[in-house]
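Q: Contents are mmCIF, C-alpha atoms; file name model07.cif:
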```cif
data_my_file
#
loop_
_atom_site.group_PDB
_atom_site.id
_atom_site.type_symbol
_atom_site.label_atom_id
_atom_site.label_comp_id
_atom_site.auth_asym_id
_atom_site.auth_seq_id
_atom_site.Cartn_x
_atom_site.Cartn_y
_atom_site.Cartn_z
ATOM 1 C CA MET F 1 100.736 82.007 67.138
ATOM 2 C CA ASN F 2 101.514 84.566 69.820
ATOM 3 C CA THR F 3 104.553 83.293 71.713
ATOM 4 C CA GLN F 4 103.388 85.191 74.794
ATOM 5 C CA LYS F 5 100.688 82.550 75.284
ATOM 6 C CA LEU F 6 103.352 79.848 75.215
ATOM 7 C CA THR F 7 105.291 81.731 77.893
ATOM 8 C CA PHE F 8 102.193 81.809 80.122
ATOM 9 C CA PHE F 9 101.628 78.106 79.458
ATOM 10 C CA LEU F 10 105.205 77.106 80.348
ATOM 11 C CA ASN F 11 105.085 79.081 83.574
ATOM 12 C CA ALA F 12 101.720 77.627 84.523
ATOM 13 C CA ALA F 13 102.965 74.129 83.700
ATOM 14 C CA ALA F 14 105.905 74.705 86.057
ATOM 15 C CA THR F 15 103.880 76.142 88.950
ATOM 16 C CA LEU F 16 100.576 74.335 88.374
ATOM 17 C CA ASN F 17 99.079 77.388 90.019
ATOM 18 C CA TYR F 18 97.547 80.367 88.215
ATOM 19 C CA SER F 19 97.997 82.657 91.218
ATOM 20 C CA GLU F 20 101.710 81.892 91.471
ATOM 21 C CA THR F 21 102.104 82.287 87.713
ATOM 22 C CA ALA F 22 100.378 85.672 87.881
ATOM 23 C CA GLU F 23 102.714 86.772 90.654
ATOM 24 C CA GLN F 24 105.839 85.673 88.789
ATOM 25 C CA MET F 25 104.703 87.331 85.558
ATOM 26 C CA TYR F 26 103.506 90.533 87.227
ATOM 27 C CA THR F 27 99.943 90.195 86.022
ATOM 28 C CA THR F 28 96.552 89.061 87.313
ATOM 29 C CA GLN F 29 95.224 85.552 87.782
ATOM 30 C CA GLY F 30 92.408 86.452 85.424
ATOM 31 C CA ASN F 31 94.872 87.342 82.669
ATOM 32 C CA VAL F 32 96.726 84.055 83.139
ATOM 33 C CA SER F 33 93.462 82.148 82.812
ATOM 34 C CA LYS F 34 92.555 84.223 79.735
ATOM 35 C CA GLN F 35 95.887 83.450 78.021
ATOM 36 C CA ILE F 36 95.583 79.698 78.709
ATOM 37 C CA LEU F 37 91.982 79.570 77.477
ATOM 38 C CA ALA F 38 92.977 81.450 74.314
ATOM 39 C CA LEU F 39 95.816 78.992 73.670
ATOM 40 C CA GLU F 40 93.486 76.015 74.212
ATOM 41 C CA ALA F 41 90.973 77.516 71.798
ATOM 42 C CA GLU F 42 93.668 78.137 69.191
ATOM 43 C CA LEU F 43 95.021 74.577 69.440
ATOM 44 C CA GLY F 44 91.644 72.915 69.928
ATOM 45 C CA VAL F 45 92.783 70.907 72.954
ATOM 46 C CA GLN F 46 92.545 71.068 76.746
ATOM 47 C CA LEU F 47 95.885 71.690 78.369
ATOM 48 C CA PHE F 48 95.046 71.564 82.076
ATOM 49 C CA THR F 49 92.536 69.753 84.278
ATOM 50 C CA ARG F 50 91.625 70.411 87.892
ATOM 51 C CA VAL F 51 91.808 67.516 90.307
ATOM 52 C CA HIS F 52 90.811 68.400 93.876
ATOM 53 C CA ARG F 53 91.366 72.093 93.048
ATOM 54 C CA GLU F 54 94.899 71.370 91.810
ATOM 55 C CA LEU F 55 96.052 71.904 88.228
ATOM 56 C CA GLN F 56 97.399 68.979 86.274
ATOM 57 C CA LEU F 57 98.668 68.796 82.706
ATOM 58 C CA THR F 58 96.625 66.779 80.285
ATOM 59 C CA THR F 59 98.276 64.437 77.810
ATOM 60 C CA ALA F 60 97.982 67.199 75.195
ATOM 61 C CA GLY F 61 99.510 69.636 77.680
ATOM 62 C CA GLU F 62 102.488 67.344 78.277
ATOM 63 C CA ALA F 63 103.014 67.041 74.504
ATOM 64 C CA LEU F 64 102.820 70.792 74.076
ATOM 65 C CA LEU F 65 105.307 71.308 76.902
ATOM 66 C CA ILE F 66 108.132 69.777 74.849
ATOM 67 C CA HIS F 67 107.287 71.687 71.678
ATOM 68 C CA ALA F 68 106.649 74.997 73.480
ATOM 69 C CA ARG F 69 110.122 74.922 74.969
ATOM 70 C CA GLN F 70 111.636 74.209 71.552
ATOM 71 C CA VAL F 71 109.662 77.052 69.962
ATOM 72 C CA LEU F 72 110.630 79.604 72.607
ATOM 73 C CA ASP F 73 114.280 78.486 72.524
ATOM 74 C CA ALA F 74 114.283 78.938 68.735
ATOM 75 C CA VAL F 75 112.673 82.376 69.046
ATOM 76 C CA ASN F 76 115.279 83.380 71.628
ATOM 77 C CA GLU F 77 118.124 82.220 69.374
ATOM 78 C CA LEU F 78 116.615 84.176 66.502
ATOM 79 C CA GLU F 79 116.360 87.350 68.581
ATOM 80 C CA VAL F 80 119.954 86.990 69.727
ATOM 81 C CA ALA F 81 121.161 86.418 66.149
ATOM 82 C CA MET F 82 119.227 89.382 64.836
ATOM 83 C CA GLY F 83 120.412 91.473 67.737
ATOM 84 C CA ASP F 84 124.012 90.580 66.947
ATOM 85 C CA PHE F 85 123.412 91.360 63.278
ATOM 86 C CA GLY F 86 121.855 94.707 64.141
ATOM 87 C CA ALA F 87 124.710 95.540 66.474
ATOM 88 C CA ALA F 88 127.267 94.615 63.806
ATOM 89 C CA LYS F 89 125.445 96.714 61.234
ATOM 90 C CA ALA F 90 125.304 99.630 63.651
ATOM 91 C CA MET F 91 129.101 99.437 64.010
ATOM 92 C CA ARG F 92 129.819 99.535 60.263
ATOM 93 C CA LEU F 93 130.576 102.593 58.142
ATOM 94 C CA THR F 94 130.754 102.560 54.342
ATOM 95 C CA ILE F 95 132.954 105.189 52.681
ATOM 96 C CA SER F 96 133.256 105.649 48.916
ATOM 97 C CA THR F 97 136.374 107.445 47.703
ATOM 98 C CA LEU F 98 138.030 108.686 44.551
ATOM 99 C CA PRO F 99 140.414 106.105 43.048
ATOM 100 C CA SER F 100 143.182 108.673 43.515
ATOM 101 C CA ILE F 101 142.623 109.052 47.277
ATOM 102 C CA ALA F 102 146.127 107.701 47.969
ATOM 103 C CA VAL F 103 147.667 111.039 46.928
ATOM 104 C CA TYR F 104 145.477 112.999 49.340
ATOM 105 C CA GLN F 105 145.153 113.357 53.107
ATOM 106 C CA GLY F 106 141.780 111.625 53.079
ATOM 107 C CA LEU F 107 143.328 108.153 53.131
ATOM 108 C CA ASP F 108 145.544 109.013 56.109
ATOM 109 C CA ILE F 109 142.516 110.348 57.991
ATOM 110 C CA ILE F 110 140.543 107.157 57.358
ATOM 111 C CA GLY F 111 143.550 105.119 58.505
ATOM 112 C CA GLN F 112 143.945 107.123 61.713
ATOM 113 C CA PHE F 113 140.254 106.730 62.513
ATOM 114 C CA HIS F 114 140.507 102.978 61.996
ATOM 115 C CA ARG F 115 143.502 102.710 64.328
ATOM 116 C CA GLN F 116 141.690 104.658 67.039
ATOM 117 C CA HIS F 117 138.405 102.781 66.611
ATOM 118 C CA PRO F 118 139.135 99.154 65.672
ATOM 119 C CA GLU F 119 135.683 98.199 66.979
ATOM 120 C CA ILE F 120 134.116 99.944 63.957
ATOM 121 C CA THR F 121 134.149 98.055 60.665
ATOM 122 C CA LEU F 122 135.124 100.379 57.812
ATOM 123 C CA GLN F 123 134.137 99.387 54.296
ATOM 124 C CA VAL F 124 136.119 101.574 51.882
ATOM 125 C CA GLN F 125 135.414 101.330 48.155
ATOM 126 C CA ASP F 126 136.484 103.193 45.007
ATOM 127 C CA GLU F 127 133.951 105.066 42.910
ATOM 128 C CA GLU F 128 134.650 107.141 39.821
ATOM 129 C CA SER F 129 134.010 110.862 40.173
ATOM 130 C CA ALA F 130 131.076 110.788 37.758
ATOM 131 C CA VAL F 131 129.032 108.451 39.989
ATOM 132 C CA ILE F 132 130.400 108.974 43.472
ATOM 133 C CA LEU F 133 127.637 111.395 44.479
ATOM 134 C CA ASN F 134 125.102 108.835 43.347
ATOM 135 C CA ALA F 135 126.566 106.366 45.843
ATOM 136 C CA LEU F 136 125.766 108.888 48.570
ATOM 137 C CA ASP F 137 122.312 109.795 47.272
ATOM 138 C CA THR F 138 121.188 106.171 46.935
ATOM 139 C CA GLY F 139 122.452 105.141 50.367
ATOM 140 C CA LYS F 140 125.124 102.833 48.955
ATOM 141 C CA SER F 141 127.642 104.827 50.976
ATOM 142 C CA ASP F 142 127.341 106.636 54.295
ATOM 143 C CA ILE F 143 130.114 109.117 53.511
ATOM 144 C CA ILE F 144 132.157 109.893 50.407
ATOM 145 C CA PHE F 145 135.549 111.460 49.750
ATOM 146 C CA ALA F 146 135.213 113.465 46.555
ATOM 147 C CA ARG F 147 136.559 116.315 44.477
ATOM 148 C CA CYS F 148 134.326 119.391 44.588
ATOM 149 C CA PHE F 149 134.503 122.155 42.010
ATOM 150 C CA GLU F 150 131.202 123.687 43.124
ATOM 151 C CA ALA F 151 129.230 123.856 46.371
ATOM 152 C CA ASP F 152 126.027 121.856 46.827
ATOM 153 C CA ALA F 153 123.761 122.901 49.685
ATOM 154 C CA LYS F 154 122.192 119.464 50.177
ATOM 155 C CA TYR F 155 125.428 117.974 51.564
ATOM 156 C CA GLU F 156 127.472 118.534 54.679
ATOM 157 C CA LYS F 157 131.113 118.985 53.728
ATOM 158 C CA ILE F 158 134.461 118.917 55.501
ATOM 159 C CA VAL F 159 137.336 120.052 53.281
ATOM 160 C CA THR F 160 140.672 118.361 53.903
ATOM 161 C CA GLU F 161 142.755 120.187 51.274
ATOM 162 C CA VAL F 162 142.693 122.180 48.043
ATOM 163 C CA ASP F 163 144.266 121.067 44.760
ATOM 164 C CA GLN F 164 144.935 122.990 41.557
ATOM 165 C CA LEU F 165 144.976 122.184 37.866
ATOM 166 C CA VAL F 166 148.437 122.107 36.249
ATOM 167 C CA VAL F 167 149.950 121.372 32.843
ATOM 168 C CA VAL F 168 152.137 118.294 32.352
ATOM 169 C CA LEU F 169 154.598 118.665 29.451
ATOM 170 C CA PRO F 170 157.542 116.759 27.988
ATOM 171 C CA LYS F 171 160.841 118.297 29.095
ATOM 172 C CA THR F 172 161.608 119.032 25.456
ATOM 173 C CA HIS F 173 158.408 121.041 24.931
ATOM 174 C CA PRO F 174 158.907 124.744 24.044
ATOM 175 C CA LEU F 175 156.773 125.741 27.037
ATOM 176 C CA ALA F 176 158.645 123.509 29.480
ATOM 177 C CA THR F 177 160.732 126.407 30.814
ATOM 178 C CA ALA F 178 157.805 128.791 31.279
ATOM 179 C CA LYS F 179 157.013 129.768 34.863
ATOM 180 C CA GLN F 180 153.286 129.860 34.051
ATOM 181 C CA ILE F 181 151.293 128.865 31.005
ATOM 182 C CA GLN F 182 148.325 130.544 29.373
ATOM 183 C CA LEU F 183 145.615 128.054 28.483
ATOM 184 C CA GLN F 184 145.340 129.687 25.037
ATOM 185 C CA ASP F 185 148.947 128.643 24.373
ATOM 186 C CA LEU F 186 147.783 125.003 24.361
ATOM 187 C CA SER F 187 145.184 125.379 21.624
ATOM 188 C CA GLN F 188 147.236 123.353 19.113
ATOM 189 C CA GLU F 189 148.218 120.606 21.526
ATOM 190 C CA THR F 190 146.963 117.039 21.758
ATOM 191 C CA PHE F 191 145.409 116.499 25.178
ATOM 192 C CA LEU F 192 145.970 113.224 27.029
ATOM 193 C CA GLN F 193 143.317 113.105 29.714
ATOM 194 C CA LEU F 194 141.588 111.104 32.388
ATOM 195 C CA GLY F 195 138.375 109.883 30.799
ATOM 196 C CA ARG F 196 134.668 110.525 31.029
ATOM 197 C CA GLU F 197 134.398 108.521 34.246
ATOM 198 C CA THR F 198 136.013 111.459 36.028
ATOM 199 C CA GLN F 199 134.810 115.012 36.528
ATOM 200 C CA LEU F 200 138.052 116.320 35.076
ATOM 201 C CA LEU F 201 137.513 115.726 31.355
ATOM 202 C CA GLN F 202 134.389 117.861 31.218
ATOM 203 C CA ARG F 203 136.115 120.505 33.320
ATOM 204 C CA VAL F 204 139.043 120.613 30.860
ATOM 205 C CA ARG F 205 136.647 120.956 27.910
ATOM 206 C CA GLU F 206 134.835 123.832 29.589
ATOM 207 C CA LEU F 207 138.048 125.664 30.442
ATOM 208 C CA CYS F 208 139.425 125.292 26.917
ATOM 209 C CA GLN F 209 136.139 126.446 25.379
ATOM 210 C CA ALA F 210 136.180 129.494 27.679
ATOM 211 C CA ALA F 211 139.708 130.185 26.383
ATOM 212 C CA GLY F 212 138.413 130.127 22.806
ATOM 213 C CA PHE F 213 139.223 126.663 21.469
ATOM 214 C CA GLU F 214 137.999 123.069 21.462
ATOM 215 C CA PRO F 215 140.646 120.723 22.902
ATOM 216 C CA GLN F 216 141.876 117.915 20.677
ATOM 217 C CA ILE F 217 141.609 114.815 22.867
ATOM 218 C CA GLY F 218 144.166 112.218 21.798
ATOM 219 C CA TYR F 219 143.722 109.849 24.733
ATOM 220 C CA GLU F 220 141.105 109.134 27.392
ATOM 221 C CA GLY F 221 141.875 106.672 30.173
ATOM 222 C CA THR F 222 141.720 105.914 33.870
ATOM 223 C CA ARG F 223 145.377 105.433 34.769
ATOM 224 C CA LEU F 224 147.541 108.448 35.484
ATOM 225 C CA GLU F 225 150.797 106.543 35.010
ATOM 226 C CA ILE F 226 149.844 105.725 31.407
ATOM 227 C CA ILE F 227 149.130 109.385 30.721
ATOM 228 C CA MET F 228 152.486 110.320 32.230
ATOM 229 C CA ASP F 229 154.224 107.747 30.035
ATOM 230 C CA LEU F 230 152.486 109.096 26.920
ATOM 231 C CA VAL F 231 153.611 112.624 27.824
ATOM 232 C CA ARG F 232 157.143 111.303 28.344
ATOM 233 C CA LYS F 233 156.983 109.849 24.825
ATOM 234 C CA GLN F 234 155.946 113.298 23.527
ATOM 235 C CA MET F 235 152.500 112.091 22.429
ATOM 236 C CA GLY F 236 150.891 115.219 23.842
ATOM 237 C CA ILE F 237 150.307 117.202 27.025
ATOM 238 C CA SER F 238 147.899 116.789 29.905
ATOM 239 C CA LEU F 239 145.924 118.899 32.329
ATOM 240 C CA MET F 240 145.629 117.175 35.697
ATOM 241 C CA MET F 241 145.422 117.980 39.368
ATOM 242 C CA GLU F 242 148.783 118.919 40.836
ATOM 243 C CA LYS F 243 148.968 116.347 43.648
ATOM 244 C CA ALA F 244 148.117 113.502 41.320
ATOM 245 C CA ALA F 245 150.693 114.793 38.843
ATOM 246 C CA LEU F 246 153.419 115.004 41.484
ATOM 247 C CA ALA F 247 152.645 111.467 42.661
ATOM 248 C CA THR F 248 153.102 109.988 39.165
ATOM 249 C CA GLN F 249 155.723 112.310 37.679
ATOM 250 C CA ASN F 250 158.701 110.848 35.820
ATOM 251 C CA ASP F 251 162.075 112.395 34.917
ATOM 252 C CA ALA F 252 161.097 113.182 31.335
ATOM 253 C CA VAL F 253 158.161 115.491 32.138
ATOM 254 C CA VAL F 254 157.692 118.836 33.837
ATOM 255 C CA ILE F 255 154.745 120.277 35.722
ATOM 256 C CA ARG F 256 153.811 123.901 35.215
ATOM 257 C CA PRO F 257 151.010 126.026 36.720
ATOM 258 C CA LEU F 258 148.445 127.858 34.634
ATOM 259 C CA VAL F 259 148.267 131.641 34.744
ATOM 260 C CA THR F 260 144.672 131.362 35.901
ATOM 261 C CA THR F 261 144.750 128.281 38.114
ATOM 262 C CA PRO F 262 141.416 126.484 38.605
ATOM 263 C CA THR F 263 141.221 124.845 42.011
ATOM 264 C CA SER F 264 139.119 122.105 43.541
ATOM 265 C CA GLU F 265 138.399 121.042 47.092
ATOM 266 C CA LEU F 266 138.991 117.520 48.334
ATOM 267 C CA ALA F 267 136.348 116.849 50.917
ATOM 268 C CA PHE F 268 134.329 114.316 52.852
ATOM 269 C CA LEU F 269 130.607 114.683 52.228
ATOM 270 C CA ARG F 270 127.429 113.259 53.705
ATOM 271 C CA LYS F 271 123.760 114.033 53.239
ATOM 272 C CA LYS F 272 122.185 116.519 55.623
ATOM 273 C CA GLY F 273 119.888 115.026 58.241
ATOM 274 C CA GLN F 274 119.975 112.324 60.899
ATOM 275 C CA HIS F 275 122.863 109.869 60.954
ATOM 276 C CA SER F 276 123.992 106.759 62.803
ATOM 277 C CA THR F 277 126.187 106.958 65.882
ATOM 278 C CA VAL F 278 129.285 105.725 64.021
ATOM 279 C CA ASN F 279 128.644 108.169 61.172
ATOM 280 C CA ASN F 280 128.551 111.042 63.666
ATOM 281 C CA GLN F 281 131.614 109.642 65.422
ATOM 282 C CA PHE F 282 133.590 109.692 62.170
ATOM 283 C CA TRP F 283 132.298 113.181 61.342
ATOM 284 C CA GLN F 284 133.396 114.513 64.732
ATOM 285 C CA PHE F 285 136.801 112.904 64.195
ATOM 286 C CA LEU F 286 137.083 114.694 60.827
ATOM 287 C CA GLN F 287 136.247 118.018 62.441
ATOM 288 C CA SER F 288 139.021 117.502 64.982
ATOM 289 C CA MET F 289 141.533 116.714 62.217
ATOM 290 C CA VAL F 290 141.076 119.704 59.895
#
```
Could you show the structure in this file as structure tokens?
A:
Amino acid sequence: MNTQKLTFFLNAAATLNYSETAEQMYTTQGNVSKQILALEAELGVQLFTRVHRELQLTTAGEALLIHARQVLDAVNELEVAMGDFGAAKAMRLTISTLPSIAVYQGLDIIGQFHRQHPEITLQVQDEESAVILNALDTGKSDIIFARCFEADAKYEKIVTEVDQLVVVLPKTHPLATAKQIQLQDLSQETFLQLGRETQLLQRVRELCQAAGFEPQIGYEGTRLEIIMDLVRKQMGISLMMEKAALATQNDAVVIRPLVTTPTSELAFLRKKGQHSTVNNQFWQFLQSMV
């Protein structure tokens, strides 16, 4: 049923005058009559009678009056609820980040934005490097904070900082005093690495293969502090990003740069195209911060 007809009916029931109803609803008397006739035909009852040229509600009209008000009140409540839901959704931003975001500026930037815009609901969630772009592509996330080794033209990108790959060694290792280390010098080492969930393991394999050897992987995991502890116990060495290494370093290990130091960008990314107001607001904030 078209609720517009019920609106015409309620107004006509209040005025008992089609001309006055037409004036109040900014339409014609003919349209008011048409809406009432259509409602009567749909319900199969007569809603008004004319007595001495005056409108009066029929018994069916009086019964409909109660239900029509209830229906329109319910519709109004629904519209308000959906409007509130839409407004809340419009003020929410979902950001997926690397699990290691705490060691980078990205987390501080998100925090500053939140403090300046408490009216915006931020939903921040961890995603492993291997699937974080998928969260952006599928719409699961509006924006991501990710590590980028290569450029991709389908995304907008704002770089917050650059990180470099370093070697983590036990203090007792023969190379521990070297100022820089050649990757080839690690060909006989056991590598303790972040696992396949990250972009880094594949990157390490590729770099070692380019240096002429296949790395012997003795450990794959997701927790940097465990890798650091294994290095401390002289179970092997690790290649990891410098800022993550510095954040988890212990007294029994040293961090040394490579002669040829691969770097990566830490950046916020979003898909190219149209975006919500809050998405653009966050993006403009990023641009002002870097």
Q: Taking all atoms listed in the file into account, which of F:Gln216, F:Asp163, F:Arg69, F:Val254 comes nearest Thr177 of chain F?
A: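 Of F:Gln216, F:Asp163, F:Arg69, F:Val254, the one nearest Thr177 of chain F, counting all atoms listed in the file, is F:Val254.
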Q: Please enumerate the residues selected by the PyMOL selection byres ((chain F and resi 279) around 10) when evaluated against the supplied file, formatted as a list in words.
A: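 Going through the file, the PyMOL selection byres ((chain F and resi 279) around 10) ends up selecting Ala90, Met91, Arg92, Leu93, Thr94, Ile95, Asp142, Ile143, Arg270, Gln274, His275, Ser276, Thr277, Val278, Asn280, Gln281, Phe282, Trp283, Gln284 and Phe285 of chain F.
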Q: Could you tell me which residues the PyMOL selection byres ((chain F and resi 190) around 9) returns for this structure, as a list in words?
A: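 On this input, the PyMOL selection byres ((chain F and resi 190) around 9) captures Leu186, Ser187, Gln188, Glu189, Phe191, Leu192, Pro215, Gln216, Ile217, Gly218, Tyr219, Met235, Gly236, Ile237 and Ser238 of chain F.
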Q: If you apply the PyMOL selection byres ((chain F and resi 68) around 12) to this file, what residues do you get, as a PyMOL selection string?
A: chain F and resi 1-11+13+39+60-67+69-75
Q: For a cut-off of 10 Å around (146.2, 109.6, 38.0), file coordinates, pick out all residues using all atoms listed in the file and list them as a list in words.
A: Pro99, Ser100, Ile101, Val103, Gln193, Leu194, Gly221, Thr222, Arg223, Leu224, Glu225, Ile226, Ile227, Met228, Met240, Met241, Lys243, Ala244, Ala245, Leu246, Ala247, Thr248 and Gln249 of chain F
Q: From the options F:Ser141, F:Thr198, F:Thr260, F:Thr172, which residue's atoms come nearest to Ala210 of chain F, counting only C-alpha atoms?
A: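 Closest to Ala210 of chain F of all the choices is F:Thr260.
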Q: What is the distance between atom CA of Glu265 of chain F and atom CA of Gly212 of chain F, in Å to one decimal?
A: 25.9 Å
Q: To one decimal in Å, tell me the separation between atom CA of Phe149 of chain F and atom CA of Thr263 of chain F.
A: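 About the pair atom CA of Phe149 of chain F and atom CA of Thr263 of chain F: they are 7.2 Å apart.
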Q: Atom CA of Gln56 of chain F and atom CA of Gln35 of chain F are how many Å apart?
A: 16.7 Å
Q: Would you please work out which residue, of F:Asp152, F:Ala130, F:Val253, F:Gly139, is nearest to Arg203 of chain F when using all atoms listed in the file?
A: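 Of F:Asp152, F:Ala130, F:Val253, F:Gly139, the one nearest Arg203 of chain F, counting all atoms listed in the file, is F:Ala130.
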Q: Taking into account only C-alpha atoms, which residue in the set F:Gly44, F:Gly30, F:Gly273, F:Gly106 is nearest to Glu161 of chain F?
A: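 The closest residue to Glu161 of chain F is F:Gly106.
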Q: Please report, as AutoDock Vina command-line options, the centre and edge lengths in Å to one decimal of an axis-aligned box covering all listed atoms of segment 205-220 of chain F with 4 Å per side.
A:
```
--center_x 139.5 --center_y 119.7 --center_z 25.6 --size_x 17.3 --size_y 29.1 --size_z 17.8
```
Q: Hey, which of F:Leu286, F:Leu258, F:Leu165, F:Val131 ends up closest to Asp185 of chain F? Count all atoms listed in the file.
A: F:Leu258
Q: I'd like the neighbourhood of Ala153 of chain F as a PyMOL selection string, where a residue qualifies if any of its atoms comes within 12 Å (using only C-alpha atoms), though same-chain residues fewer than 5 positions away should be ignored.
A: chain F and resi 269-272
Q: Determine the nearest neighbour of Ser33 of chain F from the options F:Glu127, F:Glu214, F:Glu20, F:Glu77, counting only C-alpha atoms.
A: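 So, comparing all the options, the nearest one is F:Glu20.
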